[in-house]
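S.K.: One structure, as structure tokens, below. Some questions next.
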Amino acid sequence: METTRRKFLGLLGGAAAAGGLGTPRAHAQAGPIKIGVLPIKAGVGALPGEYGLRGTLWATERINAAGGILGRKIELLVEEESSPKDTVERFRKLALQNKVDVIVGVISTGVGLAIGPVAEELKMLWLSWDGTTQKGVEESMPKPKYSFRSVDNEAEAVMSSILTAKYFKGKFKTVAGLNPDYSYGRDNWAAFLAIMKKYKLGVTPVADLWPKLGTTDFTSHVAALQQAKPDLIFSSLWAADVSIFLKQAHAVGLTANTKLVFPVAGLVHETLKKAFTPEGMILGYNSMYFDMPKPSPLLQQFTKDHQEKYKEWPSYESDHAYFVIAAYKAAVEKAAKASGGKWPSTDQIIQALEGVEVESLSGTRRYREDHIMEANFYQGITTHKNKYDFVTIDPLEVMSTKQIQKPSGMGLYEWIESWKV
Amino acid sequence: MLGGVFHAATLFLVAAGLQLVFGVQRIVNLACGSFYALGAYFGFSVVTWALKGGMPQPLLLVALILGGLLLAAIGLVVERLLRFIYDRDESFQMLLTFALVLIFEDVIRFFWGTAPYQLGNLYLVYGRLQVGGLTIPVYNLLVIAAAAGIAVLMGWFLARTRAGRIVRATAENRAMSEALGVDMRRVYARVFTIGTALGTVGGALVVPATAAMHEMGIDLIVEAFAVVVIGGLGSMRGAFVGALTVGVLKAVAIATYPEIEMLAIYVIVIAVLVLRPAGLFGRATA
């Protein structure tokens with residue numbers, strides 16, 4: 001029989017494995033820990049993708065400088081999150097070909113929904129950064145074992161809605177929505193309206209606009225809003241589109257007398273220049289605010305390093321990314337301690353991840369037992385009184401996901417309905 | 001309404017570039033969207049640099065147009081590349097120009113990174129106009145005027161100048177004009193560069209009002225194609241009317257029934273395709 005190329009390679013591989021490297025497992029434990037990373041690199045999502053990657057790099061550099069995890073250095077294998085299909089392919093490649101220990105990343109809910117079942121199928125531990133809309137959690141991934149998900153995407157809209165009631169109660173009657181036209185934008189607007197109803201604020205929606213994600217020209221939307229004359233605009237835009245809208249709205253005088261609620265625009269906080277971003281709007285920074293009045297030493301260091309390296313003030317996706325690496329390290333160390341110092345199995349790491357609590361850039365964060373993150377959220381009222389050319393927030397409001405995220409096993413609206421206000 | 005016209009103005013410039021290149025060279029240039037995005041980034045850089053060098057702010061518009069024209073030089077390079085496929089099947093041309101779209105996206109990432117750029121509040125440097133309770137930024141009017149000016153200029157160039165007549169003759173019958181001694185290479189290089197300039201200037205002009213970001217090119221290509229279908233492939237007047245139709249329709253849809261913003265445009269596109277397949281101003285080809 002002829003020896004084909006494939007067989008020959010197989011023989012080679014077998015010989016190498018048998019020839020003194022010991023069992024593959026022992027080999028794997030001695031080398032670096034391989035972590036696969038899936039950040040978005042193109043399109044609108046490249047922005048949070050880049051911040052996520054920066055958080056990952058920073059966490060890895062620190063851990064490696066301090067000797068790694070149980071003495072093993074971390075090696076990052078960076079691939080790319082793009083369409084669900086292509087990302088699943090890369091996920092498989094990382095798992096099967098590169099044999100990584102854990103995969104971190106993924107921001108889009110759509111991609112996350114596709115990855116979830118694959119992670120289970122390959123028994124591949126996956127710690128997601130973001131992308132957790134209601135459908136993603138409730139319907140498609142009821143009880144995952146290998147996937148660890150982010151905070152609910154609506155948590156920030158829930159917090160902004162509560163703050164709207166707190167700061168603007170009695171000062172507005174009509175509202176307009178300007179939300180990106182996909183599940184995230186739709187869910188946020190629905191949550192906002194539900195909470196307005198719950199607080200019995202008696203508001204009437206006069207316009208709901210759905211610009212495509214990444215819209216670059218809002219002149220038509222601004223004109224429509226001028227016509228509708230809402231007292232308050234709720235908008236979960238989060239990319240470059242925020243500043244474009246605010247600039248165009250400011251240019252026609254729309255921002256002067258309208259209350260603005262932007263739960264997640266803090267992602268692009270540096271683009272919100274004072275020249276066109278008003279004071280007095282509600283602005284959310286998700287789970288990390290770079291300009292804390294009393295920052296933790298960790299946040300202070302990160303902000304400083306980030307500013308020096310990238311000439312930018314950091315944004316929240318870095319915190320999600322930092323947290324998953326820190327949580328992985330803590331879980332491995334915890335599980336190893338329980339098993340006498342040996343490198344733990346994936347199952348043991350998963351067990352240790354459930355309920356793990358670590359310090360992240362945003363303060364203490366943890367994974368719930370149902371694999372959902374818990375964190376603090378930072379929002380507040382915009383001010384021009386700072387040293388930057390863009391707005392910051394003062395007063396600063398901090399809320400835990402214990403207050404603004406539905407508890408395990410409950411539907412979002414069912415939960416909102418159960419509030420006592 | 002006016003918001004729609006502003007959008008239509010930039011859309012017209014890009015679609016006009018697409019039309020000109022197709023009309024003469026028979027190339028469906030998907031990269032016209034990339035020229036638009038590149039123009040935006042380059043315009044941003046030129047203005048930032050010029051302001052640092054002491055340019056007074058009101059010269060903003062001049063700097064942007066000059067920046068756009070300067071960048072159009074890349075049209076010469078791209079045209080050189082396209083020479084390999086003039087005689088190939090249209091699908092090859094589409095593939096190549098689409099490859100250019102992807103390449104230019106990476107070029108932008110290489111030089112400018114992933115973060116969007118914007119010119120702060122320069123947008124309002126020309127002030128605002130109060131018209132019957134409505135506030136209009138003067139810059140919007142200037143862009144609309146500039147686009148209209150370019151439309152007139154293009155019309156004059158094509159109809160009245162010798163170079164324009166040669167371009168039209170080439171569009172009409174390539175073999176005959178070649179036989180009459182027209183240097184096809186020069187005409188093609190010139191036409192493609194003008195087509196590029198329409199895109200880059202368009203991109204540069206919108207920066208103050210919006211921002212320079214990656215995906216702006218791809219988005220615009222799709223709309224530019226709707227414009228071209230409505231107006232008729234290869235027709236300048238078609239680009240003008242098509243851009244106005246799409247821009248205004250979009251604005252009206254957003255103001256009245258936002259759910260149909262995209263739908264409305266494509267209903268018109270389908271109607272045109274069914275009733276007048278060559279477009280409003282296109283000529284039916286045998």
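Every chain in the structure tokens takes a letter, A first, then B, and so on in the order presented; its residues are numbered from 1, and the ligands are numbered from 1 following the presented order.
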Only residues of chain B matter here; which ones have an atom within 6 Å of chain A, counting only C-alpha atoms? Give them as number ranges by chain.

M.R.: B: 3-4, 121, 135-137, 210, 215, 251, 255, 258

S.K.: Give the alpha helix (DSSP H) residues of range 66-144 of chain B, as assigned by DSSP on the backbone, as an MDAnalysis selection string.

M.R.: chainID B and resid 66:71 74:82 90:112 138:144

S.K.: Please produce a file of those selected residues containing C-alpha atoms, as a compact mmCIF listing (two decimals), in the first residue's frame.

M.R.:
# COMPACT_ATOMS: atom_id res chain seq x y z
CA LEU B 66 -8.71 71.39 -2.22
CA GLY B 67 -8.07 68.32 -0.08
CA GLY B 68 -10.66 66.36 -2.05
CA LEU B 69 -9.16 67.42 -5.37
CA LEU B 70 -5.64 66.61 -4.21
CA LEU B 71 -6.66 63.13 -3.14
CA ILE B 74 -5.21 58.25 -6.47
CA GLY B 75 -7.70 57.96 -9.30
CA LEU B 76 -4.74 57.88 -11.71
CA VAL B 77 -3.19 54.96 -9.86
CA VAL B 78 -6.42 53.01 -9.65
CA GLU B 79 -7.17 53.66 -13.31
CA ARG B 80 -3.78 52.21 -14.21
CA LEU B 81 -4.80 49.05 -12.37
CA LEU B 82 -8.19 48.90 -14.05
CA GLU B 90 -18.34 42.85 -16.03
CA SER B 91 -18.18 40.39 -13.16
CA PHE B 92 -14.38 40.67 -13.16
CA GLN B 93 -14.65 44.42 -12.99
CA MET B 94 -17.07 44.24 -10.09
CA LEU B 95 -14.80 41.80 -8.30
CA LEU B 96 -11.74 43.97 -8.77
CA THR B 97 -13.43 47.17 -7.69
CA PHE B 98 -14.92 45.35 -4.71
CA ALA B 99 -11.45 44.14 -3.80
CA LEU B 100 -10.43 47.80 -3.92
CA VAL B 101 -13.22 48.59 -1.45
CA LEU B 102 -11.74 46.09 1.01
CA ILE B 103 -8.20 47.25 0.39
CA PHE B 104 -9.08 50.89 0.92
CA GLU B 105 -10.86 50.01 4.15
CA ASP B 106 -7.59 48.56 5.40
CA VAL B 107 -5.66 51.54 4.06
CA ILE B 108 -7.89 53.77 6.17
CA ARG B 109 -7.34 51.55 9.18
CA PHE B 110 -3.60 51.65 8.60
CA PHE B 111 -3.33 55.43 8.41
CA TRP B 112 -6.16 56.57 10.65
CA VAL B 138 -25.38 77.64 6.85
CA TYR B 139 -22.84 74.91 6.18
CA ASN B 140 -25.62 72.62 4.90
CA LEU B 141 -26.66 75.30 2.43
CA LEU B 142 -23.07 75.76 1.29
CA VAL B 143 -22.68 72.03 0.63
CA ILE B 144 -25.92 71.97 -1.31

S.K.: Interatomic distance between CA of Val118 in chain A and CA of Lys34 in chain A?

M.R.: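 It comes out at 18.8 Å.
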
S.K.: Could you give me, as a VMD selection string, the residues within 10 Å of Arg237 in chain B, counting only C-alpha atoms and dropping anything in the same chain fewer than 3 positions from it?

M.R.: chain B and resid 12 16 19 151 155 231 to 232 234 240 to 243 280 to 282

S.K.: From the options A:Phe262, A:Trp238, A:Tyr367, A:Tyr184, which residue's atoms come nearest to Ala327 in chain A, counting only C-alpha atoms?

M.R.: A:Tyr367

S.K.: Rank nothing, just name the residue among B:His7, B:Arg88, B:Pro58, B:Arg276 nearest to Arg26 in chain B, using only C-alpha atoms.

M.R.: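 Result for the nearest residue to Arg26 in chain B: B:Arg88.
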